[in-house]
>>> print(open('coords.txt').read())   # compact mmCIF, C-alpha atoms
# COMPACT_ATOMS: atom_id res chain seq x y z
CA MET G 259 -15.92 18.11 14.97
CA SER G 260 -12.83 20.12 14.04
CA ALA G 261 -10.72 19.48 10.96
CA ILE G 262 -7.71 18.80 13.16
CA SER G 263 -9.41 15.99 15.07
CA ASP G 264 -10.73 14.59 11.79
CA GLN G 265 -7.19 14.61 10.43
CA ALA G 266 -5.94 12.85 13.55
CA LEU G 267 -8.60 10.18 13.10
CA ALA G 268 -7.79 9.83 9.41
CA THR G 269 -4.08 9.32 9.99
CA ASP G 270 -4.52 7.10 13.07
CA LEU G 271 -4.53 3.98 10.86
CA LEU G 272 -1.09 2.72 9.83
CA ARG G 273 -1.00 0.36 6.85
CA ILE G 274 1.93 -2.06 6.98
CA VAL G 275 3.14 -4.60 4.43
CA THR G 276 5.42 -7.34 5.74
CA CYS G 277 7.70 -9.12 3.32
CA GLY G 278 10.82 -11.23 3.36
CA SER G 279 12.39 -14.43 2.09
CA VAL G 280 10.76 -17.77 2.79
CA ASP G 281 11.45 -18.98 6.37
CA ASP G 282 12.74 -15.60 7.56
CA GLY G 283 10.14 -15.79 10.35
CA LYS G 284 7.40 -13.54 9.01
CA SER G 285 4.55 -15.68 10.34
CA THR G 286 6.23 -15.91 13.74
CA LEU G 287 6.70 -12.12 13.83
CA ILE G 288 3.03 -11.48 13.02
CA GLY G 289 1.99 -14.06 15.59
CA ARG G 290 4.27 -12.44 18.18
CA LEU G 291 2.82 -8.98 17.48
CA LEU G 292 -0.73 -10.29 17.88
CA TYR G 293 0.13 -12.32 20.99
CA ASP G 294 2.13 -9.66 22.83
CA THR G 295 -0.47 -6.96 22.08
CA LYS G 296 -3.16 -9.33 23.49
CA GLN G 297 -5.14 -9.56 20.22
CA ILE G 298 -5.64 -13.36 20.38
CA PHE G 299 -8.78 -14.94 21.81
CA VAL G 300 -8.41 -17.56 24.54
CA ASP G 301 -9.81 -20.36 22.35
CA GLN G 302 -7.38 -19.41 19.53
CA MET G 303 -4.49 -19.62 21.98
CA GLU G 304 -5.65 -22.99 23.32
CA HIS G 305 -5.89 -24.33 19.76
CA ILE G 306 -2.36 -23.10 18.94
CA GLU G 307 -0.97 -24.66 22.14
CA GLU G 308 -2.65 -28.00 21.32
CA THR G 309 -1.46 -27.96 17.70
CA SER G 310 2.09 -27.05 18.76
CA LYS G 311 2.12 -29.96 21.22
CA ARG G 312 0.70 -32.38 18.64
CA ARG G 313 3.36 -31.34 16.09
CA GLY G 314 6.11 -31.80 18.68
CA ASP G 315 7.33 -28.21 18.30
CA GLY G 316 8.48 -28.02 21.92
CA TYR G 317 7.21 -24.43 22.20
CA VAL G 318 4.05 -22.45 21.47
CA ASN G 319 4.38 -21.94 17.71
CA LEU G 320 2.89 -18.48 17.10
CA ALA G 321 3.45 -18.89 13.34
CA LEU G 322 0.36 -21.14 13.36
CA LEU G 323 -1.79 -18.01 13.64
CA THR G 324 -1.16 -17.33 9.93
CA ASP G 325 -0.17 -20.79 8.71
CA GLY G 326 -3.83 -21.67 8.18
CA LEU G 327 -3.96 -19.02 5.49
CA ARG G 328 -0.78 -20.34 3.91
CA ALA G 329 -2.25 -23.86 3.84
CA GLU G 330 -5.28 -22.51 2.00
CA ARG G 331 -2.96 -20.84 -0.51
CA GLU G 332 -1.10 -24.12 -1.08
CA GLN G 333 -4.41 -25.86 -1.70
CA GLY G 334 -5.00 -23.51 -4.62
CA ILE G 335 -7.46 -21.13 -2.98
CA THR G 336 -6.78 -17.58 -4.16
CA ILE G 337 -5.76 -15.36 -1.27
CA ASP G 338 -3.75 -12.51 -2.76
CA VAL G 339 -2.66 -10.98 0.53
CA ALA G 340 -3.59 -11.97 4.08
CA TYR G 341 -4.73 -8.92 6.05
CA ARG G 342 -4.63 -8.73 9.83
CA SER G 343 -5.74 -5.83 12.01
CA PHE G 344 -4.69 -5.03 15.54
CA VAL G 345 -4.97 -2.09 17.90
CA THR G 346 -2.80 -0.54 20.59
CA PRO G 347 -3.68 2.45 22.80
CA ARG G 348 -1.63 4.65 20.45
CA ARG G 349 -2.62 3.51 16.95
CA ARG G 350 -4.69 1.21 14.74
CA PHE G 351 -2.80 -1.11 12.38
CA GLN G 352 -3.68 -2.97 9.21
CA LEU G 353 -1.05 -5.55 8.38
CA ALA G 354 -0.75 -7.07 4.90
CA ASP G 355 1.22 -10.31 4.88
CA ALA G 356 2.81 -10.59 1.40
CA PRO G 357 4.18 -13.99 0.28
CA GLY G 358 7.95 -14.25 -0.18
CA HIS G 359 8.25 -16.39 -3.31
CA VAL G 360 9.26 -14.73 -6.59
CA GLN G 361 6.14 -16.18 -8.26
CA TYR G 362 4.03 -14.06 -5.87
CA THR G 363 5.48 -10.73 -7.03
CA ARG G 364 1.95 -9.55 -7.94
CA ASN G 365 0.82 -10.24 -4.35
CA MET G 366 3.72 -8.19 -2.99
CA VAL G 367 2.73 -5.32 -5.32
CA THR G 368 -0.88 -5.55 -4.11
CA GLY G 369 0.14 -5.37 -0.45
CA ALA G 370 2.70 -2.59 -0.90
CA SER G 371 0.59 -0.34 -3.14
CA THR G 372 -1.39 1.13 -0.22
CA ALA G 373 1.20 0.67 2.56
CA ASP G 374 2.56 3.51 4.69
CA VAL G 375 5.36 1.31 6.03
CA ALA G 376 7.13 -1.77 4.64
CA VAL G 377 8.59 -4.15 7.22
CA ILE G 378 11.19 -6.31 5.46
CA LEU G 379 12.48 -9.32 7.38
CA VAL G 380 16.09 -10.42 7.08
CA ASP G 381 17.46 -13.63 8.61
CA ALA G 382 20.49 -12.57 10.67
CA ARG G 383 22.34 -15.71 9.56
CA ASN G 384 21.84 -15.07 5.82
CA GLY G 385 21.89 -11.27 5.70
CA VAL G 386 20.80 -9.37 2.59
CA VAL G 387 19.87 -11.92 -0.11
CA GLU G 388 18.33 -11.71 -3.59
CA GLN G 389 14.76 -11.67 -2.28
CA THR G 390 15.64 -8.83 0.11
CA ARG G 391 16.87 -6.78 -2.85
CA ARG G 392 13.77 -7.65 -4.86
CA HIS G 393 11.41 -6.61 -2.07
CA ALA G 394 13.42 -3.43 -1.54
CA TYR G 395 13.13 -2.70 -5.26
CA ILE G 396 9.34 -3.18 -5.26
CA THR G 397 8.86 -0.95 -2.20
CA SER G 398 10.98 1.69 -3.95
CA ILE G 399 9.04 1.71 -7.25
CA LEU G 400 5.77 1.79 -5.29
CA ARG G 401 7.17 4.67 -3.24
CA VAL G 402 6.34 3.21 0.17
CA PRO G 403 7.44 6.21 2.24
CA HIS G 404 8.89 4.38 5.26
CA VAL G 405 10.93 1.16 5.31
CA THR G 406 11.82 -0.78 8.45
CA VAL G 407 14.06 -3.82 8.29
CA ALA G 408 13.66 -6.33 11.10
CA VAL G 409 16.87 -8.35 11.41
CA ASN G 410 15.32 -11.54 12.78
CA LYS G 411 16.75 -14.64 14.50
CA MET G 412 19.37 -12.64 16.39
CA ASP G 413 19.25 -15.47 18.97
CA LEU G 414 20.86 -17.74 16.34
CA VAL G 415 23.87 -15.45 15.90
CA ASP G 416 24.46 -15.03 19.65
CA TRP G 417 22.89 -11.54 19.64
CA SER G 418 25.94 -10.28 17.74
CA GLN G 419 26.26 -6.50 17.40
CA GLU G 420 28.95 -7.03 14.78
CA ARG G 421 26.59 -9.12 12.60
CA TYR G 422 23.81 -6.53 12.97
CA GLU G 423 26.12 -3.69 11.91
CA GLU G 424 27.37 -5.69 8.92
CA ILE G 425 23.77 -6.20 7.70
CA TYR G 426 23.00 -2.52 8.38
CA ARG G 427 25.86 -1.45 6.10
CA ASP G 428 24.57 -3.73 3.31
CA LEU G 429 21.05 -2.31 3.66
CA GLU G 430 22.28 1.27 3.40
CA THR G 431 23.44 0.55 -0.18
CA LEU G 432 19.83 -0.14 -1.27
CA GLY G 433 18.74 3.52 -1.04
CA LEU G 434 15.58 2.86 1.00
CA PRO G 435 13.53 5.82 2.30
CA ASP G 436 13.41 6.55 6.05
CA LEU G 437 15.31 3.33 6.76
CA HIS G 438 15.22 1.92 10.30
CA VAL G 439 16.97 -1.37 11.12
CA ILE G 440 15.83 -3.17 14.27
CA PRO G 441 17.45 -6.38 15.59
CA ILE G 442 14.79 -8.82 16.84
CA SER G 443 14.01 -12.39 17.76
CA ALA G 444 10.39 -13.05 16.83
CA LEU G 445 10.57 -16.49 18.44
CA GLU G 446 11.86 -15.22 21.78
CA GLY G 447 9.99 -11.90 21.63
CA ASP G 448 13.09 -9.69 21.87
CA ASN G 449 12.57 -6.15 20.51
CA VAL G 450 9.20 -6.97 18.96
CA VAL G 451 6.81 -5.47 21.51
CA ASP G 452 9.13 -5.39 24.51
CA GLY G 453 12.83 -4.58 24.67
CA SER G 454 15.65 -7.10 24.85
CA GLU G 455 17.89 -8.08 27.77
CA HIS G 456 20.22 -9.79 25.30
CA MET G 457 21.02 -6.74 23.15
CA GLY G 458 22.02 -3.99 25.55
CA TRP G 459 24.13 -2.51 22.75
CA TYR G 460 21.00 -1.59 20.76
CA GLU G 461 19.65 1.77 21.91
CA GLY G 462 16.71 2.21 19.53
CA PRO G 463 13.01 1.42 20.05
CA ALA G 464 11.40 -2.01 19.81
CA LEU G 465 9.55 -2.69 16.55
CA LEU G 466 6.05 -1.91 17.87
CA GLU G 467 7.15 1.33 19.55
CA HIS G 468 8.74 2.42 16.28
CA LEU G 469 5.56 1.60 14.30
CA GLU G 470 3.45 3.48 16.84
CA THR G 471 5.50 6.63 16.31
CA VAL G 472 6.08 6.67 12.52
CA GLU G 473 4.85 10.06 11.30
CA ILE G 474 2.58 9.64 8.27
CA ALA G 475 0.40 12.77 8.35
CA PHE G 476 2.56 14.52 5.75
CA ASP G 477 3.22 11.57 3.43
CA ARG G 478 0.22 12.41 1.27
CA ASN G 479 0.18 15.32 -1.18
CA LEU G 480 -1.22 18.32 0.71
CA ASP G 481 -0.22 20.88 -1.92
CA ALA G 482 -2.35 20.09 -4.98
CA ARG G 483 -6.08 19.62 -4.38
CA ARG G 484 -7.60 16.47 -5.91
CA PHE G 485 -11.11 15.07 -5.37
CA PRO G 486 -12.36 12.20 -7.57
CA VAL G 487 -16.17 12.28 -7.54
CA GLN G 488 -17.55 8.92 -6.45
CA TRP G 489 -21.24 9.77 -6.13
CA VAL G 490 -23.59 12.65 -6.89
CA ILE G 491 -26.04 13.21 -4.02
CA ARG G 492 -29.46 14.55 -5.05
CA PRO G 493 -32.00 13.77 -2.28
CA MET G 494 -34.93 15.49 -4.11
CA SER G 495 -36.84 15.60 -0.83
CA GLY G 496 -38.96 18.47 0.42
CA ASP G 497 -36.31 19.58 2.92
CA HIS G 498 -33.42 19.29 0.45
CA HIS G 499 -35.07 19.92 -2.89
CA ASP G 500 -32.16 21.90 -4.35
CA TYR G 501 -29.33 19.99 -2.64
CA ARG G 502 -26.54 18.73 -4.88
CA GLY G 503 -23.38 17.34 -3.31
CA TYR G 504 -20.40 15.41 -4.62
CA ALA G 505 -19.19 12.57 -2.40
CA GLY G 506 -15.78 10.89 -2.43
CA SER G 507 -12.41 10.60 -0.73
CA VAL G 508 -9.92 13.47 -0.73
CA ALA G 509 -6.96 12.38 -2.86
CA GLY G 510 -4.84 15.51 -2.44
CA GLY G 511 -4.63 18.96 -0.88
CA VAL G 512 -6.63 20.72 1.82
CA TRP G 513 -10.21 21.52 0.85
CA ARG G 514 -12.04 24.52 2.32
CA ALA G 515 -15.14 26.57 1.52
CA GLY G 516 -14.24 29.39 -0.86
CA ASP G 517 -11.61 27.41 -2.80
CA GLU G 518 -11.67 27.79 -6.57
CA VAL G 519 -12.42 24.52 -8.38
CA LEU G 520 -11.64 23.13 -11.81
CA VAL G 521 -13.91 20.28 -13.00
CA LEU G 522 -12.11 17.73 -15.18
CA PRO G 523 -12.16 16.57 -17.90
CA SER G 524 -14.77 19.22 -18.92
CA GLY G 525 -12.70 22.24 -17.80
CA LEU G 526 -15.69 23.95 -16.12
CA ARG G 527 -14.99 26.18 -13.12
CA SER G 528 -16.74 26.92 -9.85
CA ARG G 529 -16.05 27.53 -6.18
CA VAL G 530 -16.46 25.35 -3.07
CA GLU G 531 -19.64 26.34 -1.26
CA ALA G 532 -19.20 23.90 1.65
CA VAL G 533 -17.28 20.81 2.78
CA GLU G 534 -19.40 18.38 4.78
CA SER G 535 -19.07 15.10 6.63
CA SER G 536 -21.66 12.95 8.35
CA ASP G 537 -21.12 15.18 11.42
CA GLY G 538 -21.89 18.41 9.56
CA LEU G 539 -19.84 21.24 8.09
CA LEU G 540 -16.04 21.02 8.15
CA ASP G 541 -13.53 23.84 8.26
CA ALA G 542 -11.20 21.73 6.11
CA ALA G 543 -10.79 18.24 4.67
CA VAL G 544 -7.50 16.41 4.04
CA PRO G 545 -6.50 13.03 2.54
CA PRO G 546 -7.87 10.40 2.95
CA GLN G 547 -11.09 11.76 4.47
CA SER G 548 -14.43 10.82 2.92
CA VAL G 549 -16.50 13.98 2.54
CA THR G 550 -19.17 15.69 0.45
CA ILE G 551 -18.31 18.87 -1.44
CA ARG G 552 -20.97 21.35 -2.55
CA LEU G 553 -20.22 23.85 -5.30
CA ALA G 554 -21.47 27.42 -5.63
CA ASP G 555 -22.59 26.98 -9.25
CA ASP G 556 -24.90 24.45 -10.86
CA VAL G 557 -22.24 22.96 -13.15
CA ASP G 558 -22.33 19.54 -14.81
CA VAL G 559 -20.40 17.14 -12.56
CA SER G 560 -20.84 13.36 -12.56
CA ARG G 561 -19.24 10.22 -11.14
CA GLY G 562 -15.73 9.79 -12.57
CA ASN G 563 -15.08 13.53 -12.84
CA MET G 564 -12.32 15.08 -10.77
CA LEU G 565 -12.47 18.34 -8.85
CA ALA G 566 -9.03 19.96 -8.79
CA ASP G 567 -6.98 23.03 -7.97
CA PRO G 568 -7.05 25.41 -11.00
CA ASP G 569 -3.59 26.71 -10.09
CA ARG G 570 -2.06 23.21 -9.87
CA PRO G 571 -4.18 21.03 -12.14
CA PRO G 572 -3.48 17.38 -12.97
CA ILE G 573 -2.61 16.35 -16.52
CA VAL G 574 -5.67 15.68 -18.69
CA ALA G 575 -4.14 12.76 -20.56
CA ARG G 576 -4.91 10.73 -23.66
CA GLU G 577 -1.61 8.83 -23.52
CA LEU G 578 0.24 7.34 -20.55
CA GLU G 579 3.67 5.91 -20.00
CA ALA G 580 3.33 3.66 -16.98
CA ARG G 581 5.02 0.96 -14.97
CA VAL G 582 2.76 -2.10 -14.90
CA CYS G 583 2.84 -5.30 -12.86
CA TRP G 584 1.13 -7.95 -14.97
CA MET G 585 -1.16 -10.22 -12.92
CA SER G 586 -2.70 -12.58 -15.46
CA GLU G 587 -1.75 -16.06 -16.65
CA ARG G 588 -2.43 -14.81 -20.17
CA PRO G 589 0.53 -12.62 -21.33
CA LEU G 590 0.18 -8.93 -22.20
CA GLU G 591 1.07 -8.24 -25.82
CA PRO G 592 1.22 -5.05 -27.90
CA SER G 593 -2.15 -3.89 -29.33
CA ALA G 594 -4.06 -5.53 -26.46
CA ARG G 595 -7.36 -3.81 -25.65
CA LEU G 596 -8.30 -3.49 -22.00
CA ALA G 597 -10.16 -1.22 -19.60
CA VAL G 598 -8.33 1.04 -17.17
CA LYS G 599 -9.89 2.02 -13.82
CA HIS G 600 -8.35 5.18 -12.42
CA THR G 601 -9.77 6.57 -9.14
CA THR G 602 -13.54 6.59 -9.85
CA ARG G 603 -13.36 6.64 -13.66
CA SER G 604 -13.07 3.77 -16.16
CA VAL G 605 -12.14 4.09 -19.85
CA ARG G 606 -10.92 1.75 -22.58
CA VAL G 607 -7.23 1.56 -23.36
CA LEU G 608 -5.00 0.28 -26.16
CA VAL G 609 -1.50 -1.02 -25.38
CA ASP G 610 0.60 0.97 -27.86
CA GLU G 611 4.05 -0.33 -26.93
CA LEU G 612 5.93 -2.53 -24.46
CA VAL G 613 8.96 -0.37 -23.64
CA SER G 614 10.85 -2.59 -21.20
CA VAL G 615 10.58 -5.38 -18.64
CA VAL G 616 12.50 -5.84 -15.40
CA ASP G 617 14.73 -8.88 -15.00
CA ILE G 618 13.48 -9.55 -11.49
CA HIS G 619 16.63 -11.50 -10.58
CA GLU G 620 19.16 -8.93 -11.81
CA LEU G 621 16.84 -5.90 -11.27
CA SER G 622 17.87 -4.55 -14.68
CA ASP G 623 15.69 -3.38 -17.60
CA LEU G 624 15.41 -5.41 -20.80
CA THR G 625 14.16 -3.25 -23.68
CA ALA G 626 11.37 -3.97 -26.18
CA PRO G 627 10.02 -7.28 -24.82
CA ASP G 628 7.59 -9.30 -26.94
CA ARG G 629 5.20 -9.69 -24.03
CA LEU G 630 4.75 -9.33 -20.28
CA GLU G 631 4.25 -12.64 -18.48
CA LEU G 632 2.55 -13.27 -15.13
CA ASN G 633 4.37 -11.33 -12.34
CA ASP G 634 6.47 -9.31 -14.83
CA ILE G 635 7.02 -5.63 -14.07
CA GLY G 636 7.49 -3.50 -17.17
CA VAL G 637 7.08 -0.05 -18.69
CA VAL G 638 4.28 0.29 -21.26
CA ARG G 639 2.72 3.05 -23.36
CA LEU G 640 -1.06 3.23 -23.28
CA ARG G 641 -3.52 5.13 -25.50
CA LEU G 642 -6.82 6.06 -23.82
CA SER G 643 -10.25 6.17 -25.48
CA GLU G 644 -11.26 9.14 -23.27
CA PRO G 645 -9.15 11.57 -21.24
CA LEU G 646 -8.16 10.88 -17.64
CA ALA G 647 -7.03 13.49 -15.09
CA VAL G 648 -3.80 12.00 -13.72
CA ASP G 649 -0.65 12.93 -11.84
CA PRO G 650 2.71 11.18 -11.98
CA TYR G 651 2.75 8.52 -9.25
CA ALA G 652 5.85 10.19 -7.80
CA GLU G 653 3.68 13.22 -6.96
CA ASN G 654 0.45 11.52 -5.84
CA ARG G 655 0.03 7.81 -5.11
CA GLU G 656 -3.79 8.10 -5.40
CA THR G 657 -4.15 9.91 -8.72
CA GLY G 658 -1.05 8.28 -10.21
CA ALA G 659 -2.22 4.66 -9.83
CA PHE G 660 -4.64 2.52 -11.81
CA ILE G 661 -5.66 -1.07 -12.50
CA LEU G 662 -6.11 -2.82 -15.83
CA ILE G 663 -9.21 -4.96 -16.39
CA ASP G 664 -10.01 -7.63 -18.97
CA GLU G 665 -13.42 -6.52 -20.22
CA ALA G 666 -14.42 -10.02 -21.31
CA SER G 667 -13.89 -11.66 -17.90
CA ASN G 668 -13.93 -8.50 -15.70
CA ASP G 669 -10.73 -9.82 -14.06
CA THR G 670 -8.09 -7.43 -12.78
CA VAL G 671 -5.08 -8.29 -14.95
CA GLY G 672 -2.59 -5.55 -14.07
CA ALA G 673 -1.71 -2.72 -11.69
CA GLY G 674 0.02 0.39 -12.93
CA THR G 675 1.68 3.61 -11.85
CA VAL G 676 1.90 6.69 -14.07
CA LEU G 677 5.43 7.73 -15.03
CA SER G 678 4.42 10.46 -17.48
CA ALA G 679 1.30 11.57 -19.35
CA GLN G 680 0.25 13.74 -22.27
>>> encode(input="coords.txt", output="structure tokens")
Amino acid sequence: MSAISDQALATDLLRIVTCGSVDDGKSTLIGRLLYDTKQIFVDQMEHIEETSKRRGDGYVNLALLTDGLRAEREQGITIDVAYRSFVTPRRRFQLADAPGHVQYTRNMVTGASTADVAVILVDARNGVVEQTRRHAYITSILRVPHVTVAVNKMDLVDWSQERYEEIYRDLETLGLPDLHVIPISALEGDNVVDGSEHMGWYEGPALLEHLETVEIAFDRNLDARRFPVQWVIRPMSGDHHDYRGYAGSVAGGVWRAGDEVLVLPSGLRSRVEAVESSDGLLDAAVPPQSVTIRLADDVDVSRGNMLADPDRPPIVARELEARVCWMSERPLEPSARLAVKHTTRSVRVLVDELVSVVDIHELSDLTAPDRLELNDIGVVRLRLSEPLAVDPYAENRETGAFILIDEASNDTVGAGTVLSAQ
């Protein structure tokens, strides 16, 4: 199998996070996408029709496809983000449904951290509101490369072009990357999967067509090679007595046989002997392919090490300045001791300083907070017990991200992105 076809397969999956204010129609939009792309089983549809009739909705309420998950959340069952998958002839999609409430900021961060595209819903009647700005802010700090705003409920503003353009102008002030604004009615189905007879003035694609054609192949860092080692493969069988391979997912760059390699944190050097997949040798490997790399020399490499480009190495850091979203009921205070998991490596960490916290309503920084509470987003300084090979998150979303773990409970208590390291 060629590297090009492997790359096409690797980038065929589009990860989407949907977010918006409460009652902007997010559940209806997701239901409409699943229904119009024929992803719903007959018995599911019959159940939704019966429930809609019993509730007296007067129409088939597609929001019920995800409302079961919301009911579970209201009953106190922990569902951080509801994931849905669907497929069209052109692309595979994984859709993360992030809650809209401010108290679910951590859930929004979870859903957006791996997303290629953020779909932010705006109610055409209300326009850009505080929650819109907050979701835009979170997608910006998590560097989601593509943002699409679906201006929903256009049927309730008489399909007004003037209202759409007014909202568009407000959205342009938010500085969102690759912004596309699509007027839709999730309830009626206009501009979701099919076009709209009511909005002849809109000349762009429907939402699904746009999502099918978003170009994501070059969003990942293809310049600086990064390969966190997840597993060392030593079969020790008669046929493969001397085989030693390093398995993991490519986190940056294009990997080929003959490339020079720096092993971190040890600083040892070698050269790539071969790049392999389950189908055999590869000409090249790119993010986010899972491959095995063999080295020319018998150097000491173990799980948690990183193979990297000697000409463009990551920072081997003992101290980090990072933006952290705190996810625990128990506040984060200075001098806290935690574990940090970064790619395939875990080390202990001491919280040296709380630099600032974001006022999530005003989106402004408050300096030197006493603590970070649940759902707070702040900048912290961390001191590591052992070195980590990191990049600023702005350069590589894989090697610039980490999670914080409470060693006593093994709970994930925070998610962070590297701002700088030394």
>>> closest_residue(input="coords.txt", among="G:Tyr293, G:Trp417, G:Tyr341, G:Trp459", to="Thr276 (chain G)", atoms="all atoms listed in the file")
G:Tyr341
>>> residues_around(input="coords.txt", residues="region 538-548 of chain G", least_positions_apart="5", cutoff="6 Å", atoms="only C-alpha atoms", output="PyMOL selection string")
chain G and resi 261+506-510+512-514+533
>>> closest_residue(input="coords.txt", among="G:Glu461, G:Glu420, G:Asp282, G:Asp477", to="Ala408 (chain G)", atoms="only C-alpha atoms")
G:Asp282
>>> closest_residue(input="coords.txt", among="G:Thr471, G:Ser643, G:Lys284, G:Pro572", to="Glu656 (chain G)", atoms="all atoms listed in the file")
G:Pro572
>>> residues_around(input="coords.txt", residues="Ala575 (chain G)", least_positions_apart="6", cutoff="10 Å", atoms="all atoms listed in the file", output="compact mmCIF listing (two decimals) with C-alpha atoms, in the coordinates of the input")
# COMPACT_ATOMS: atom_id res chain seq x y z
CA PRO G 523 -12.16 16.57 -17.90
CA ARG G 641 -3.52 5.13 -25.50
CA LEU G 642 -6.82 6.06 -23.82
CA GLU G 644 -11.26 9.14 -23.27
CA PRO G 645 -9.15 11.57 -21.24
CA LEU G 646 -8.16 10.88 -17.64
CA ALA G 647 -7.03 13.49 -15.09
CA VAL G 648 -3.80 12.00 -13.72
CA ASP G 649 -0.65 12.93 -11.84
CA SER G 678 4.42 10.46 -17.48
CA ALA G 679 1.30 11.57 -19.35
CA GLN G 680 0.25 13.74 -22.27
>>> closest_residue(input="coords.txt", among="G:Pro650, G:Pro347, G:Pro571, G:Gly433", to="Thr295 (chain G)", atoms="all atoms listed in the file")
G:Pro347
>>> closest_residue(input="coords.txt", among="G:Gly278, G:Gly458, G:Pro568, G:Gly453", to="Thr363 (chain G)", atoms="all atoms listed in the file")
G:Gly278
>>> closest_residue(input="coords.txt", among="G:Val519, G:Ala673, G:Ile661, G:Val637", to="Arg364 (chain G)", atoms="all atoms listed in the file")
G:Ala673
>>> residues_near_point(input="coords.txt", point="(9.6, -10.4, 14.9)", cutoff="6 Å", atoms="all atoms listed in the file", output="PDB file with C-alpha atoms, in the frame of the given file")
ATOM      1  CA  LEU G 287       6.700 -12.120  13.830  1.00  0.00           C
ATOM      2  CA  ILE G 442      14.790  -8.820  16.840  1.00  0.00           C
ATOM      3  CA  SER G 443      14.010 -12.390  17.760  1.00  0.00           C
ATOM      4  CA  ALA G 444      10.390 -13.050  16.830  1.00  0.00           C
ATOM      5  CA  VAL G 450       9.200  -6.970  18.960  1.00  0.00           C
TER       6      VAL G 450
END
>>> atom_distance(input="coords.txt", atom1="CA of Arg421 (chain G)", atom2="CA of Ala373 (chain G)")
29.0 Å
>>> atom_distance(input="coords.txt", atom1="CA of Ile618 (chain G)", atom2="CA of Met585 (chain G)")
14.7 Å
>>> residues_around(input="coords.txt", residues="Arg401 (chain G)", least_positions_apart="4", cutoff="9 Å", atoms="all atoms listed in the file", output="list in words")
Ala370, Ser371, Ile396, Thr397, Pro435, Tyr651, Ala652 and Arg655 of chain G
